[in-house]
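For reference, input_7.cif is printed below; it contains mmCIF, C-alpha atoms and all ligand atoms.
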```
data_run
#
loop_
_atom_site.label_atom_id
_atom_site.label_comp_id
_atom_site.auth_asym_id
_atom_site.auth_seq_id
_atom_site.Cartn_x
_atom_site.Cartn_y
_atom_site.Cartn_z
CA MET A 21 159.94 116.56 68.63
CA ARG A 22 157.58 119.28 67.59
CA ILE A 23 155.08 119.09 64.72
CA ASP A 24 152.89 121.98 63.60
CA VAL A 25 150.07 121.26 61.17
CA LEU A 26 148.72 124.04 58.99
CA THR A 27 145.16 123.11 58.05
CA LEU A 28 141.74 124.55 57.31
CA PHE A 29 140.18 121.80 59.44
CA PRO A 30 142.03 121.60 62.77
CA GLU A 31 139.02 119.90 64.37
CA VAL A 32 139.58 116.66 62.43
CA PHE A 33 142.86 116.08 64.30
CA GLY A 34 141.30 116.05 67.80
CA PRO A 35 140.46 112.35 68.36
CA PHE A 36 143.52 111.26 66.37
CA LEU A 37 145.88 113.19 68.65
CA GLU A 38 144.16 111.88 71.77
CA SER A 39 144.00 108.16 70.93
CA SER A 40 146.24 105.12 70.87
CA ILE A 41 150.01 105.40 70.47
CA VAL A 42 149.96 108.97 69.15
CA GLY A 43 147.71 110.03 72.04
CA ARG A 44 150.02 108.44 74.58
CA ALA A 45 153.13 109.97 73.00
CA VAL A 46 151.51 113.41 73.07
CA ALA A 47 150.42 112.96 76.71
CA ALA A 48 153.93 111.80 77.67
CA GLY A 49 155.56 114.79 75.95
CA VAL A 50 157.45 112.59 73.45
CA VAL A 51 156.00 114.78 70.71
CA SER A 52 154.12 118.04 70.75
CA VAL A 53 151.60 118.58 67.96
CA ARG A 54 149.77 121.81 67.28
CA CYS A 55 147.19 122.55 64.61
CA VAL A 56 147.00 126.06 63.17
CA ASN A 57 144.24 127.24 60.87
CA TYR A 58 145.83 129.31 58.15
CA ARG A 59 142.48 130.95 57.45
CA ASP A 60 143.27 132.95 60.61
CA PHE A 61 146.03 134.66 58.58
CA THR A 62 143.73 136.17 55.94
CA HIS A 63 142.88 139.87 55.90
CA ASP A 64 139.91 140.15 53.54
CA ARG A 65 136.22 140.17 54.43
CA HIS A 66 135.65 136.65 53.07
CA ARG A 67 138.77 135.20 54.74
CA SER A 68 139.66 133.60 51.42
CA VAL A 69 142.58 131.20 51.19
CA ASP A 70 142.25 130.32 47.50
CA ASP A 71 141.88 132.05 44.13
CA ARG A 72 141.50 131.27 40.42
CA PRO A 73 144.60 130.04 38.58
CA PHE A 74 146.53 132.45 36.37
CA GLY A 75 146.27 131.17 32.80
CA GLY A 76 142.79 129.80 33.38
CA GLY A 77 141.68 126.25 34.02
CA PRO A 78 139.38 124.52 36.44
CA GLY A 79 139.47 124.72 40.22
CA MET A 80 141.08 127.04 42.68
CA VAL A 81 144.65 127.46 43.88
CA LEU A 82 145.83 127.95 47.44
CA ARG A 83 147.15 131.51 47.87
CA CYS A 84 150.65 132.28 49.17
CA GLY A 85 149.72 134.99 51.71
CA PRO A 86 147.91 133.04 54.46
CA VAL A 87 150.34 130.10 54.30
CA PHE A 88 153.47 132.31 54.43
CA GLU A 89 152.06 134.37 57.29
CA ALA A 90 151.13 131.27 59.28
CA VAL A 91 154.63 129.81 58.85
CA GLU A 92 156.26 133.16 59.74
CA HIS A 93 154.07 133.35 62.85
CA LEU A 94 155.28 129.90 63.96
CA ARG A 95 158.90 130.72 63.19
CA GLN A 96 158.82 133.73 65.53
CA GLU A 97 158.46 131.31 68.42
CA ARG A 98 161.76 129.51 68.02
CA PRO A 99 165.21 130.42 66.71
CA GLU A 100 165.62 127.16 64.73
CA LYS A 101 164.23 126.58 61.26
CA PRO A 102 161.56 123.92 60.81
CA LEU A 103 161.48 121.51 57.89
CA VAL A 104 158.37 122.50 55.94
CA VAL A 105 156.49 119.65 54.24
CA LEU A 106 153.67 120.09 51.72
CA LEU A 107 151.26 117.16 51.56
CA THR A 108 150.46 116.76 47.89
CA PRO A 109 150.01 113.96 45.34
CA GLN A 110 152.87 115.64 43.43
CA GLY A 111 155.30 114.77 46.23
CA GLU A 112 157.87 112.08 46.86
CA VAL A 113 155.96 108.92 47.81
CA LEU A 114 156.14 108.14 51.53
CA THR A 115 158.16 105.08 52.52
CA GLN A 116 159.48 103.70 55.80
CA ALA A 117 162.89 105.17 54.88
CA LEU A 118 161.40 108.64 54.40
CA LEU A 119 159.56 108.34 57.75
CA ALA A 120 162.88 107.48 59.42
CA GLU A 121 164.43 110.57 57.83
CA LEU A 122 161.58 112.83 58.98
CA GLU A 123 161.73 111.34 62.49
CA ARG A 124 165.24 112.78 62.85
CA GLU A 125 163.97 116.35 62.33
CA PRO A 126 163.43 118.26 65.58
CA TRP A 127 160.67 120.44 64.10
CA LEU A 128 158.28 119.78 61.22
CA VAL A 129 155.61 122.03 59.75
CA LEU A 130 153.11 119.97 57.73
CA ILE A 131 150.94 121.95 55.31
CA CYS A 132 147.62 120.46 54.21
CA GLY A 133 146.31 121.75 50.90
CA HIS A 134 142.86 121.72 49.37
CA TYR A 135 141.47 122.77 46.01
CA GLU A 136 143.50 122.15 42.86
CA GLY A 137 146.86 122.70 44.51
CA PHE A 138 149.33 125.13 46.00
CA ASP A 139 150.64 128.30 44.38
CA GLU A 140 154.12 127.09 43.31
CA ARG A 141 155.72 129.97 45.24
CA ILE A 142 154.69 128.29 48.50
CA ARG A 143 157.05 125.42 47.72
CA LEU A 144 159.78 127.68 46.36
CA GLY A 145 159.58 130.44 48.98
CA LEU A 146 159.36 128.14 52.00
CA GLY A 147 161.94 125.67 50.67
CA ALA A 148 159.36 122.97 51.29
CA ARG A 149 159.74 119.27 50.72
CA GLN A 150 156.73 117.64 49.02
CA VAL A 151 155.35 114.34 50.30
CA SER A 152 152.59 112.13 48.86
CA ILE A 153 151.08 109.14 50.67
CA GLY A 154 150.36 107.32 47.39
CA ASP A 155 149.31 107.56 43.80
CA TYR A 156 145.74 108.68 44.35
CA VAL A 157 144.11 112.04 45.01
CA LEU A 158 142.45 112.91 48.30
CA SER A 159 140.22 115.94 48.75
CA GLY A 160 142.67 117.40 51.25
CA GLY A 161 146.03 116.82 52.88
CA GLU A 162 144.66 116.12 56.39
CA PRO A 163 144.48 112.30 56.14
CA ALA A 164 147.99 112.37 54.64
CA ALA A 165 149.28 114.51 57.54
CA MET A 166 147.83 112.00 59.99
CA VAL A 167 149.55 109.14 58.17
CA VAL A 168 152.88 111.00 58.33
CA ILE A 169 152.44 111.89 62.03
CA ASP A 170 151.46 108.34 62.99
CA GLY A 171 154.36 106.84 61.04
CA ILE A 172 156.87 109.23 62.62
CA VAL A 173 155.59 109.14 66.19
CA ARG A 174 155.83 105.35 66.53
CA LEU A 175 159.53 105.61 65.62
CA LEU A 176 160.28 108.16 68.37
CA PRO A 177 162.12 106.75 71.39
CA GLY A 178 159.64 106.20 74.20
CA ALA A 179 156.53 106.17 71.99
CA LEU A 180 155.90 102.41 71.79
CA GLY A 181 156.89 101.47 75.31
CA HIS A 182 158.94 98.48 74.02
CA GLU A 183 162.03 99.63 72.15
CA GLY A 184 163.10 97.50 69.23
CA ALA A 185 159.50 96.75 68.29
CA THR A 186 159.88 98.58 64.98
CA GLY A 187 162.98 96.62 63.92
CA ASP A 188 161.25 93.42 62.77
CA GLU A 189 158.10 94.80 61.20
CA SER A 190 157.22 95.14 57.55
CA PHE A 191 159.63 97.26 55.48
CA ALA A 192 162.12 97.76 58.34
CA ARG A 193 164.42 95.19 56.68
CA GLY A 194 163.16 95.58 53.14
CA LEU A 195 160.71 92.66 53.47
CA LEU A 196 157.10 92.24 54.52
CA GLU A 197 156.53 90.79 57.96
CA TYR A 198 156.30 87.02 58.52
CA PRO A 199 152.93 85.53 59.62
CA GLN A 200 152.18 85.73 63.35
CA TYR A 201 149.98 83.53 65.54
CA THR A 202 148.78 83.70 69.15
CA ARG A 203 146.54 81.57 71.38
CA PRO A 204 144.48 79.46 71.01
CA ARG A 205 146.53 76.75 69.29
CA ASP A 206 143.43 75.62 67.44
CA PHE A 207 140.85 78.11 66.27
CA ARG A 208 137.85 76.61 64.48
CA GLY A 209 139.98 73.84 63.08
CA MET A 210 142.80 76.14 62.00
CA GLY A 211 146.10 75.25 63.63
CA VAL A 212 149.45 76.92 64.15
CA PRO A 213 152.58 75.92 62.16
CA GLU A 214 154.34 73.23 64.15
CA VAL A 215 157.71 74.98 64.02
CA LEU A 216 156.38 77.90 66.13
CA LEU A 217 155.52 75.49 68.93
CA SER A 218 158.86 73.65 68.75
CA GLY A 219 160.85 75.98 71.00
CA ASP A 220 163.73 75.66 68.52
CA HIS A 221 164.74 79.29 68.04
CA ALA A 222 167.08 78.69 65.13
CA ARG A 223 164.36 76.81 63.21
CA ILE A 224 161.81 79.49 64.06
CA GLU A 225 164.15 82.22 62.85
CA ALA A 226 164.80 80.36 59.57
CA TRP A 227 161.07 79.72 59.03
CA ARG A 228 160.22 83.37 59.63
CA ARG A 229 162.86 84.56 57.21
CA GLU A 230 161.62 82.12 54.56
CA GLN A 231 157.99 83.17 55.09
CA ALA A 232 158.88 86.87 54.94
CA LEU A 233 160.67 86.29 51.64
CA ALA A 234 157.86 84.18 50.16
CA ARG A 235 155.23 86.71 51.18
CA THR A 236 157.26 89.60 49.77
CA ARG A 237 157.84 87.72 46.52
CA GLN A 238 154.11 87.12 46.17
CA GLN A 239 152.64 90.41 47.39
CA ARG A 240 155.35 92.97 46.68
CA PRO A 241 158.02 91.67 44.26
CA ASP A 242 159.00 95.31 43.61
CA LEU A 243 160.60 95.38 47.10
CA LEU A 244 163.05 92.66 46.07
CA GLY A 245 164.43 94.61 43.11
CA PRO A 246 164.53 93.88 39.38
CA ASP A 247 166.74 90.75 39.63
CA ALA A 248 164.41 88.96 42.02
CA ASP A 249 161.56 89.97 39.76
CA THR A 250 163.14 88.27 36.76
CA ASP A 251 163.91 85.13 38.76
CA ASP A 252 160.28 84.96 39.81
CA ARG A 253 159.05 85.35 36.27
CA LYS A 254 161.45 82.61 35.17
CA GLN A 255 160.10 80.36 37.90
CA ASP A 256 156.51 81.16 36.90
CA CYS A 257 157.32 80.14 33.30
CA GLY A 258 158.97 76.98 34.54
CA VAL A 259 162.43 78.15 33.31
N1 LIG B 301 146.54 115.54 49.10
C1 LIG B 301 145.70 115.01 48.19
N2 LIG B 301 146.08 113.80 47.81
C2 LIG B 301 147.23 113.52 48.50
C3 LIG B 301 148.13 112.43 48.52
N3 LIG B 301 147.95 111.34 47.76
N4 LIG B 301 149.18 112.51 49.34
C4 LIG B 301 149.39 113.60 50.09
N5 LIG B 301 148.59 114.66 50.11
C5 LIG B 301 147.51 114.63 49.32
#
```

Could you write out this file's structure as structure tokens?
Amino acid sequence: MRIDVLTLFPEVFGPFLESSIVGRAVAAGVVSVRCVNYRDFTHDRHRSVDDRPFGGGPGMVLRCGPVFEAVEHLRQERPEKPLVVLLTPQGEVLTQALLAELEREPWLVLICGHYEGFDERIRLGLGARQVSIGDYVLSGGEPAAMVVIDGIVRLLPGALGHEGATGDESFARGLLEYPQYTRPRDFRGMGVPEVLLSGDHARIEAWRREQALARTRQQRPDLLGPDADTDDRKQDCGV
């Protein structure tokens, strides 16, 4: 898979792309990630990438020119068309399902904005999909691009070193993950649930399922849908 990141701050991606699972996947050629500074596609003396909004209002807006030229430059390199993604709080909120969808794309171009936002023609003209990493506003799209890259890369075959590892984890089956324990059996007086030491795989499986459900009901009832929600409220009221 190939991922190009259009950013004004390519230097912030360095350690991220060299460390941990992403670093190993890059080194192994499972994914190739390149950062391109779209300021390099400006033609004025000040190398400006933003301008005041038509109609007035606070802040600055990212101009079309440098972003279009950077994308066109990348597209000259390959005959295929990349999926262009704008990182913006206006976007579709990132979920595990959306990561799985993006992981199937052979080529992504992630565009990190700054300032008040993008000129709308960037989205329209590049046919871009908009992605948000949550309902809060960051000062730039770079942390969001790293979240998207990390979430995608660990799904790529060969990235984790142990296939199937992503099948059981939180969200993969619509539930949060069950509690996990490792050695020692006793840590400062805190033990391990007896069932996990029993060697009875059917009981362990049932316990994990029950724990995953209970945890999801408590922490994220929204994941269980509106019916489960109502049942919980009924239980809370003693109905
Ligand atoms: N840029 C600024 N805030 C963002 C968010 N929440 N998600 C994605 N990109 C952003």

| request: Report as an NGL selection string which protein, DNA and RNA residues come within 7 Å of ligand LIG 301 (chain B), using all atoms listed in the file. | output: :A and (107-109 or 133 or 151-161 or 164)

| query | Near Leu37 (chain A), counting only C-alpha atoms, which residues have an atom at most 8 Å away, once you skip same-chain residues fewer than 3 positions from it, shown as a list in words? | reply | Phe33, Gly34, Val42, Gly43, Val46 and Val53 of chain A

| message | At a cut-off of 12 Å, using all atoms listed in the file, what residues contact Arg124 (chain A)? Leave out same-chain residues fewer than 2 positions from it and give the result as number ranges by chain. | response | A: 21-22, 102-103, 117-122, 126-128, 172-173, 175-177

| query | Of the candidates A:Arg229, A:Arg141, A:Arg44, A:Arg203, which one gets nearest to Ser190 (chain A) if we count all atoms listed in the file? | reply |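 Going through A:Arg229, A:Arg141, A:Arg44, A:Arg203 one by one, the smallest distance to Ser190 (chain A) is for A:Arg229.
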
| Distance of CA of Glu123 (chain A) from CA of Asp242 (chain A), expressed in Å to one decimal place | 24.9 Å

| task | Please identify all polymer residues within 7 Å of Cys55 (chain A), counting only C-alpha atoms, omitting same-chain residues fewer than 5 positions from it, and present them as a list in words. | result | Asp24, Val25, Leu26, Thr27 and Pro30 of chain A

| field | Separation of CA of Ala226 (chain A) from CA of Thr186 (chain A), in Å and rounded to one decimal | value |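 Result for CA of Ala226 (chain A) versus CA of Thr186 (chain A): 19.6 Å, one decimal.
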
| remark: Atom pair CA of Phe191 (chain A) + CA of Trp227 (chain A), distance 18.0 Å

If the box runs along x, y and z of the file and leaves 8 Å on each side of region 47-62 of chain A, what are its centre and edge lengths in Å, one decimal, as JSON?
```
{"center_x": 150.0, "center_y": 124.0, "center_z": 66.8, "size_x": 31.0, "size_y": 40.4, "size_z": 37.7}
```

| Using all atoms listed in the file, which of A:Leu82, A:Leu94, A:Val168, A:Ile41 sits nearest Val113 (chain A)? | A:Val168

Quick one: residues within 10 Å of (143.1, 128.1, 46.2) (file frame), counting only C-alpha atoms, please, as a compact mmCIF listing (two decimals) with C-alpha atoms, in the coordinates of the input.
```txt
# COMPACT_ATOMS: atom_id res chain seq x y z
CA SER A 68 139.66 133.60 51.42
CA VAL A 69 142.58 131.20 51.19
CA ASP A 70 142.25 130.32 47.50
CA ASP A 71 141.88 132.05 44.13
CA ARG A 72 141.50 131.27 40.42
CA PRO A 73 144.60 130.04 38.58
CA GLY A 79 139.47 124.72 40.22
CA MET A 80 141.08 127.04 42.68
CA VAL A 81 144.65 127.46 43.88
CA LEU A 82 145.83 127.95 47.44
CA ARG A 83 147.15 131.51 47.87
CA CYS A 84 150.65 132.28 49.17
CA GLY A 133 146.31 121.75 50.90
CA HIS A 134 142.86 121.72 49.37
CA TYR A 135 141.47 122.77 46.01
CA GLU A 136 143.50 122.15 42.86
CA GLY A 137 146.86 122.70 44.51
CA PHE A 138 149.33 125.13 46.00
CA ASP A 139 150.64 128.30 44.38
```

| Which is closer to Phe29 (chain A) than all the others in A:Gly147, A:Pro163, A:Gly245, A:Gly76, using only C-alpha atoms? |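 So, comparing all the options, the nearest one is A:Pro163.
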